[in-house]
Each structure stands twice: as C-alpha cells, then as structure tokens.
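Trainee: Coordinates in entry.txt, compact mmCIF, C-alpha atoms, are listed below.
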```
# COMPACT_ATOMS: atom_id res chain seq x y z
CA MET A 1 -74.48 55.07 34.94
CA ASP A 2 -77.51 57.35 35.04
CA LEU A 3 -80.47 55.11 35.96
CA LYS A 4 -83.10 57.16 34.16
CA ASN A 5 -84.72 55.12 31.37
CA LYS A 6 -82.45 52.15 32.05
CA VAL A 7 -83.84 48.59 32.29
CA ALA A 8 -83.11 46.43 35.33
CA LEU A 9 -83.76 42.70 35.62
CA VAL A 10 -84.04 41.74 39.29
CA THR A 11 -84.38 38.06 40.18
CA GLY A 12 -86.55 37.08 43.11
CA ALA A 13 -88.08 40.54 42.93
CA GLY A 14 -91.51 39.68 44.27
CA ARG A 15 -90.46 39.33 47.89
CA ARG A 16 -88.09 40.49 50.60
CA ILE A 17 -84.75 41.98 49.52
CA GLY A 18 -85.36 41.54 45.79
CA ARG A 19 -88.61 43.48 46.08
CA ALA A 20 -86.90 46.35 47.91
CA ILE A 21 -84.20 46.55 45.25
CA ALA A 22 -86.72 46.54 42.41
CA LEU A 23 -88.76 49.32 44.00
CA GLU A 24 -85.69 51.46 44.71
CA LEU A 25 -84.47 51.14 41.12
CA ALA A 26 -87.96 52.03 39.90
CA ALA A 27 -87.99 55.08 42.19
CA ARG A 28 -84.88 56.23 40.34
CA SER A 29 -86.68 56.00 36.98
CA ALA A 30 -85.45 52.60 35.82
CA SER A 31 -87.86 50.18 34.15
CA ILE A 32 -88.05 46.88 36.03
CA ALA A 33 -88.22 43.28 34.84
CA VAL A 34 -89.61 41.51 37.92
CA HIS A 35 -88.54 37.87 37.99
CA TYR A 36 -90.42 35.29 40.02
CA ARG A 37 -90.73 31.53 40.19
CA ASN A 38 -93.69 30.77 42.45
CA SER A 39 -94.56 34.20 43.89
CA ARG A 40 -96.68 35.40 40.99
CA ALA A 41 -99.12 37.43 43.12
CA GLU A 42 -96.25 39.18 44.90
CA ALA A 43 -94.48 39.91 41.61
CA GLU A 44 -97.64 41.36 40.08
CA ALA A 45 -98.07 43.50 43.21
CA VAL A 46 -94.61 44.97 42.60
CA VAL A 47 -95.55 45.69 38.98
CA THR A 48 -98.75 47.40 40.14
CA LYS A 49 -96.90 49.49 42.73
CA VAL A 50 -94.31 50.63 40.18
CA ALA A 51 -97.05 51.55 37.70
CA ALA A 52 -98.99 53.45 40.38
CA ASN A 53 -95.89 55.59 40.90
CA GLY A 54 -95.60 56.34 37.20
CA GLY A 55 -92.94 53.75 36.37
CA LYS A 56 -92.70 50.79 34.02
CA ALA A 57 -92.48 47.16 35.13
CA GLN A 58 -93.41 43.71 33.92
CA ALA A 59 -93.31 40.30 35.60
CA PHE A 60 -91.42 37.36 34.10
CA ARG A 61 -91.51 33.77 35.35
CA ALA A 62 -88.57 31.36 35.24
CA ASN A 63 -87.35 28.35 37.18
CA LEU A 64 -83.72 29.32 37.71
CA GLU A 65 -82.70 25.67 38.04
CA ARG A 66 -83.31 25.32 34.30
CA VAL A 67 -80.95 27.05 31.90
CA ALA A 68 -83.46 26.94 29.05
CA GLU A 69 -85.92 28.94 31.13
CA ILE A 70 -83.24 31.47 32.05
CA GLU A 71 -82.36 31.97 28.38
CA ARG A 72 -86.05 32.28 27.46
CA MET A 73 -86.68 34.86 30.19
CA VAL A 74 -83.74 37.03 29.17
CA ALA A 75 -85.00 36.94 25.58
CA GLU A 76 -88.50 37.92 26.76
CA VAL A 77 -87.13 40.86 28.74
CA LEU A 78 -85.18 42.02 25.69
CA ASP A 79 -88.30 41.69 23.53
CA ALA A 80 -90.40 43.64 26.04
CA PHE A 81 -87.97 46.44 26.88
CA GLY A 82 -85.45 46.39 24.03
CA ARG A 83 -82.42 46.24 26.34
CA ILE A 84 -81.06 45.17 29.73
CA ASP A 85 -78.77 47.64 31.48
CA ILE A 86 -78.69 46.18 34.99
CA LEU A 87 -78.90 42.62 36.29
CA VAL A 88 -79.34 42.04 40.02
CA ASN A 89 -78.91 38.38 40.96
CA SER A 90 -80.98 38.39 44.14
CA ALA A 91 -82.90 35.08 44.08
CA SER A 92 -81.46 32.50 46.44
CA VAL A 93 -82.11 29.19 48.17
CA PHE A 94 -81.36 29.19 51.92
CA ALA A 95 -82.16 26.12 53.98
CA ARG A 96 -80.53 24.54 57.02
CA THR A 97 -79.32 20.99 56.27
CA SER A 98 -76.90 18.97 58.37
CA LEU A 99 -74.08 17.09 56.67
CA GLU A 100 -75.59 13.79 57.82
CA THR A 101 -78.95 14.43 56.13
CA LEU A 102 -77.65 16.33 53.10
CA THR A 103 -78.93 14.85 49.82
CA GLU A 104 -77.97 15.27 46.18
CA ARG A 105 -81.18 17.24 45.70
CA ASP A 106 -80.20 19.66 48.48
CA TRP A 107 -76.81 20.17 46.86
CA ASP A 108 -78.24 20.69 43.38
CA ALA A 109 -80.97 23.08 44.55
CA ASN A 110 -78.42 25.36 46.22
CA LEU A 111 -75.75 25.25 43.53
CA ASP A 112 -78.21 25.54 40.63
CA THR A 113 -80.14 28.51 41.99
CA ASN A 114 -77.38 30.32 43.87
CA LEU A 115 -74.45 29.86 41.48
CA LYS A 116 -75.29 28.29 38.12
CA ALA A 117 -78.27 30.57 37.55
CA PRO A 118 -76.34 33.81 38.21
CA PHE A 119 -73.69 32.61 35.77
CA PHE A 120 -76.13 31.91 32.94
CA LEU A 121 -78.15 35.04 33.66
CA SER A 122 -74.91 37.01 33.45
CA LYS A 123 -73.85 35.18 30.30
CA PHE A 124 -77.09 35.91 28.43
CA ALA A 125 -77.77 39.41 29.81
CA GLY A 126 -74.08 40.28 29.68
CA ALA A 127 -73.97 39.58 25.95
CA ALA A 128 -76.76 42.11 25.43
CA MET A 129 -75.00 44.64 27.65
CA ARG A 130 -71.78 44.32 25.67
CA ARG A 131 -73.66 44.91 22.42
CA GLN A 132 -75.08 48.08 24.00
CA GLY A 133 -71.63 49.12 25.17
CA ALA A 134 -72.41 49.26 28.91
CA GLY A 135 -74.01 47.35 31.75
CA LYS A 136 -73.96 46.49 35.45
CA ILE A 137 -74.26 43.13 37.17
CA ILE A 138 -74.71 43.05 40.95
CA ASN A 139 -74.60 39.71 42.74
CA LEU A 140 -76.14 39.40 46.18
CA GLY A 141 -73.78 37.17 48.09
CA ASP A 142 -73.36 36.33 51.74
CA TRP A 143 -70.54 36.56 54.24
CA ALA A 144 -70.96 32.77 54.50
CA GLY A 145 -69.06 32.70 51.25
CA ILE A 146 -66.05 33.92 53.23
CA ARG A 147 -66.72 32.18 56.56
CA PRO A 148 -69.09 29.21 56.08
CA TYR A 149 -72.12 28.65 58.28
CA LYS A 150 -72.43 25.33 60.08
CA ASP A 151 -75.29 23.16 58.74
CA TYR A 152 -75.49 25.24 55.54
CA LEU A 153 -72.75 23.52 53.57
CA PRO A 154 -74.12 23.70 50.00
CA TYR A 155 -75.39 27.23 50.59
CA SER A 156 -72.02 28.39 51.88
CA VAL A 157 -70.23 26.70 48.97
CA SER A 158 -72.57 28.37 46.48
CA LYS A 159 -71.91 31.81 47.99
CA SER A 160 -68.17 31.19 47.99
CA GLY A 161 -68.50 30.33 44.33
CA MET A 162 -70.41 33.55 43.71
CA ILE A 163 -67.43 35.56 44.97
CA GLY A 164 -65.17 33.75 42.50
CA LEU A 165 -67.80 34.11 39.77
CA THR A 166 -67.99 37.86 40.35
CA LYS A 167 -64.24 38.28 39.86
CA ALA A 168 -64.10 35.98 36.83
CA LEU A 169 -67.05 37.68 35.12
CA ALA A 170 -65.54 41.10 35.79
CA LYS A 171 -62.57 40.03 33.66
CA GLU A 172 -64.60 38.29 30.98
CA LEU A 173 -67.09 41.14 30.47
CA ALA A 174 -64.68 44.08 30.75
CA PRO A 175 -64.54 46.85 29.80
CA GLU A 176 -68.20 47.30 28.89
CA VAL A 177 -69.79 45.58 31.90
CA GLN A 178 -68.93 46.05 35.57
CA VAL A 179 -69.63 43.08 37.87
CA ASN A 180 -69.70 43.40 41.66
CA CYS A 181 -70.91 41.46 44.69
CA ILE A 182 -72.48 42.45 48.02
CA ALA A 183 -71.67 39.88 50.73
CA LEU A 184 -74.59 40.34 53.10
CA GLY A 185 -74.96 39.55 56.75
CA MET A 186 -78.29 39.32 58.53
CA VAL A 187 -80.74 41.79 57.03
CA MET A 188 -84.09 39.99 56.93
CA PRO A 189 -83.97 36.87 59.13
CA PRO A 190 -85.82 33.84 57.74
CA GLU A 191 -89.43 33.93 58.87
CA LYS A 192 -89.02 30.66 60.79
CA TYR A 193 -86.25 32.08 63.02
CA THR A 194 -87.31 32.65 66.63
CA LYS A 195 -86.68 35.92 68.46
CA ASP A 196 -83.97 34.21 70.54
CA GLU A 197 -82.19 33.04 67.37
CA VAL A 198 -82.29 36.54 65.91
CA ASP A 199 -81.09 38.10 69.17
CA ARG A 200 -78.12 35.73 69.26
CA LEU A 201 -77.19 36.69 65.69
CA VAL A 202 -77.42 40.39 66.50
CA ALA A 203 -75.23 39.92 69.58
CA ARG A 204 -72.49 38.45 67.38
CA THR A 205 -72.15 41.62 65.27
CA LEU A 206 -70.00 44.63 66.09
CA THR A 207 -72.88 46.98 65.32
CA LYS A 208 -75.33 45.10 67.60
CA LYS A 209 -78.14 45.47 65.11
CA LEU A 210 -79.53 43.93 61.96
CA GLY A 211 -78.90 45.48 58.57
CA THR A 212 -81.79 47.26 56.88
CA LEU A 213 -83.27 47.04 53.41
CA GLU A 214 -82.03 50.59 52.91
CA ASP A 215 -78.47 49.45 53.61
CA VAL A 216 -78.79 46.92 50.80
CA THR A 217 -80.51 49.18 48.29
CA ARG A 218 -77.94 51.95 48.85
CA ALA A 219 -75.15 49.47 48.10
CA VAL A 220 -76.91 48.31 44.93
CA ILE A 221 -77.41 51.88 43.76
CA PHE A 222 -73.75 52.65 44.40
CA PHE A 223 -72.64 49.79 42.17
CA CYS A 224 -75.15 50.83 39.51
CA GLU A 225 -74.01 54.43 39.44
CA THR A 226 -70.23 54.02 39.65
CA ASP A 227 -68.29 53.11 36.53
CA PHE A 228 -64.98 52.45 38.30
CA ALA A 229 -65.74 49.48 40.58
CA THR A 230 -65.62 45.99 39.12
CA GLY A 231 -64.75 42.62 40.61
CA SER A 232 -65.37 44.15 44.04
CA ILE A 233 -66.77 42.30 47.05
CA LEU A 234 -68.51 44.63 49.49
CA THR A 235 -68.99 42.98 52.89
CA LEU A 236 -72.14 44.36 54.48
CA GLU A 237 -72.46 42.27 57.62
CA GLY A 238 -72.20 44.52 60.67
CA GLY A 239 -68.62 43.55 61.37
CA ARG A 240 -69.50 39.88 61.94
CA LEU A 241 -66.36 38.75 60.10
CA LEU A 242 -64.22 40.46 62.73
CA VAL A 243 -65.82 38.75 65.71
```
Would you write the structure of this file as structure tokens?

Mentor:
Amino acid sequence: MDLKNKVALVTGAGRRIGRAIALELAARSASIAVHYRNSRAEAEAVVTKVAANGGKAQAFRANLERVAEIERMVAEVLDAFGRIDILVNSASVFARTSLETLTERDWDANLDTNLKAPFFLSKFAGAAMRRQGAGKIINLGDWAGIRPYKDYLPYSVSKSGMIGLTKALAKELAPEVQVNCIALGMVMPPEKYTKDEVDRLVARTLTKKLGTLEDVTRAVIFFCETDFATGSILTLEGGRLLV
C-alpha cells in the first residue's frame, strides 16, 4: 500500500508509542485520525504538529471500554475523511496487579481496552476497508502474550488474546484487509519504573538495550506497505523470549 493520501486511525495517539506512530504515518503523507480518551491536550498537540508540517489530522475522543463510543468514533472518522485505510490498535492498559488483589474491575479494564476494543475497532473499520477493497490493521501486542508476566495476569491474557484475534481477523477480513501484530518488548518503560528496574529488564535481553520508537514505527510501516503479510506475529523484544 502506498501511504500517500491514505487515512490512518491510530488509537492512543496522543502519547508515547501511539504518538510516534501517528507522526511517522503523517510524515509519509497519510492523514491521521488521532484517538484519545483523557489526553486531549496531547492529542491536539499531535494534530498541530502534523498541520505545521503540511499534513492533515484531527482528534477524536472515545472511551474504548464502550462499544457504542467506538462505533461512533469510527463513523466520525469516516465522515471527516471519507475513508479509513489503516487502523493501528495502539491504546492499552498496563498495570501491575497481584493475583491476590485482582478485582473484577481490573480484569474488565484490561480485557475491554486491550482486546474487546481492538476487535470492535477492527469490525467497524474493517467493514469500511472491505467496501474500499483494501486496508491494513496493525495490532500492538506484547511478548507477554506468549510468555506471561508475573503480577500482570489480565494484561498478559489480553495480549495473548490479541495474538489469536490477529489470526482470526486475518481470515475473516481476507483478501481485502491484511491484519498483523507486533509483539513488543520493552520500548518505553512505564514512567513509574525506577532505573534499577529498567536496568534489570535490559539485562534480560539478548541485545542488552531497550527498543526504540523507530524500531516500532519501522515495523508498523512495513506492515502498512506490504500486501503479502497477514496473520503474522512479529516479535520485537530484543531476544527476551530466548533467555
């Protein structure tokens, strides 16, 4: 797919990895639908930055725990841009919770945002893509979906589900839409992590370094531009799965 004049909906695009993906797609002449939930100022800053560089972007708010808001947002993006060519499911909940203190709310927050929302976003946006005759869906997963983290049970389950969702959607939306997943390792540590915690994580990789935002954006661009990969899970975790 040539990204020029295409429309990309990126969830969680106001901050961190989602922001980097949105800006890279915009740099390649795609128009950007910038999703946010609470980070309105950050989302508007992304829109302003894209516009300053001669691109097109607009911010859209939705609580991804609510299917009605997901459906409304997709409709608003279609009304604003006329099409959706790329969906990047980047928004995610990530919080440490021990099994002993895990609540129903913790479970629902992880599964709703990290798994149910990508499904319904893909369902609604995917329908538009099929009508257009082409589209790309890229899910940002985690290597925890392959080897679960301790004290992150609902998160790990949601990311395991995303791997299965990617493969199932690839079948359901073929041949028009290609669906792929990037199973990330440590790229941007949570802000609350101490230096010692980050150093221990780095030491457990084969590469002995963190991933970069450029590593992630290059992987996203690859899946956008190729028309032959679908149902693929790209592990981008510095070899941590081999340790």

Trainee: Which residues come within 9 Å of segment 75-89 of chain A, counting only C-alpha atoms, excluding same-chain residues fewer than 2 positions away, as a PyMOL selection string?

Mentor: chain A and resi 3+6-12+18+21-22+31+33+58+60+70-73+91-92+114+117-118+121-122+124-126+128-129+132+134-141+220+224

Trainee: Go ahead and save the picked residues with C-alpha atoms, as a compact mmCIF listing (two decimals), in the coordinates of the input.

Mentor:
```
# COMPACT_ATOMS: atom_id res chain seq x y z
CA LEU A 3 -80.47 55.11 35.96
CA LYS A 6 -82.45 52.15 32.05
CA VAL A 7 -83.84 48.59 32.29
CA ALA A 8 -83.11 46.43 35.33
CA LEU A 9 -83.76 42.70 35.62
CA VAL A 10 -84.04 41.74 39.29
CA THR A 11 -84.38 38.06 40.18
CA GLY A 12 -86.55 37.08 43.11
CA GLY A 18 -85.36 41.54 45.79
CA ILE A 21 -84.20 46.55 45.25
CA ALA A 22 -86.72 46.54 42.41
CA SER A 31 -87.86 50.18 34.15
CA ALA A 33 -88.22 43.28 34.84
CA GLN A 58 -93.41 43.71 33.92
CA PHE A 60 -91.42 37.36 34.10
CA ILE A 70 -83.24 31.47 32.05
CA GLU A 71 -82.36 31.97 28.38
CA ARG A 72 -86.05 32.28 27.46
CA MET A 73 -86.68 34.86 30.19
CA ALA A 91 -82.90 35.08 44.08
CA SER A 92 -81.46 32.50 46.44
CA ASN A 114 -77.38 30.32 43.87
CA ALA A 117 -78.27 30.57 37.55
CA PRO A 118 -76.34 33.81 38.21
CA LEU A 121 -78.15 35.04 33.66
CA SER A 122 -74.91 37.01 33.45
CA PHE A 124 -77.09 35.91 28.43
CA ALA A 125 -77.77 39.41 29.81
CA GLY A 126 -74.08 40.28 29.68
CA ALA A 128 -76.76 42.11 25.43
CA MET A 129 -75.00 44.64 27.65
CA GLN A 132 -75.08 48.08 24.00
CA ALA A 134 -72.41 49.26 28.91
CA GLY A 135 -74.01 47.35 31.75
CA LYS A 136 -73.96 46.49 35.45
CA ILE A 137 -74.26 43.13 37.17
CA ILE A 138 -74.71 43.05 40.95
CA ASN A 139 -74.60 39.71 42.74
CA LEU A 140 -76.14 39.40 46.18
CA GLY A 141 -73.78 37.17 48.09
CA VAL A 220 -76.91 48.31 44.93
CA CYS A 224 -75.15 50.83 39.51
```

Trainee: Which is closer to Gly133 of chain A than all the others in A:Glu42, A:Asp199, A:Glu237, A:Glu176, using only C-alpha atoms?

Mentor: A:Glu176

Trainee: Using all atoms listed in the file, pick whichever of A:Pro175, A:Gly54, A:Pro154, A:Gly14 has the shortest atom-to-atom distance to Gly231 of chain A.

Mentor: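 Ranking A:Pro175, A:Gly54, A:Pro154, A:Gly14 by distance to Gly231 of chain A, first place goes to A:Pro175.
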
Trainee: Quick one: distance from atom CA of Glu214 of chain A to atom CA of Lys150 of chain A in Å, one decimal?

Mentor: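 So the two atoms, atom CA of Glu214 of chain A and atom CA of Lys150 of chain A, lie 28.0 Å apart.
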
Trainee: Write out as a PyMOL selection string the residues lying within 8 Å of Ser98 of chain A, counting all atoms listed in the file and excluding same-chain residues fewer than 5 positions away.

Mentor: chain A and resi 150-153

Trainee: Would you mind exporting the chosen residues as a PDB file, keeping the file's coordinate frame, restricted to C-alpha atoms?

Mentor:
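Now in result.pdb:
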```
ATOM      1  CA  LYS A 150     -72.430  25.330  60.080  1.00  0.00           C
ATOM      2  CA  ASP A 151     -75.290  23.160  58.740  1.00  0.00           C
ATOM      3  CA  TYR A 152     -75.490  25.240  55.540  1.00  0.00           C
ATOM      4  CA  LEU A 153     -72.750  23.520  53.570  1.00  0.00           C
TER       5      LEU A 153
END
```

Trainee: Suppose you want the space between atom CA of Val93 of chain A and atom CA of Trp107 of chain A; what is it in Å?

Mentor: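 So the two atoms, atom CA of Val93 of chain A and atom CA of Trp107 of chain A, lie 10.5 Å apart.
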
Trainee: Counting only C-alpha atoms, which residue out of A:Gly161, A:Phe222, A:Ala57, A:Tyr155 sits closest to Asp106 of chain A?

Mentor: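 Under the stated criterion, the closest residue is A:Tyr155.
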
Trainee: Would you list the residues near (-64.0, 49.9, 38.8), meaning any protein, DNA or RNA residue with an atom at most 12 Å from that point in file coordinates, counting all atoms listed in the file, as a PyMOL selection string?

Mentor: chain A and resi 136+167+170-171+174-180+222-233

Trainee: Give me, as a PyMOL selection string, all polymer residues having an atom no more than 7 Å from Gly185 of chain A, counting only C-alpha atoms and skipping those fewer than 3 positions away in the same chain.

Mentor: chain A and resi 142-143+236-238
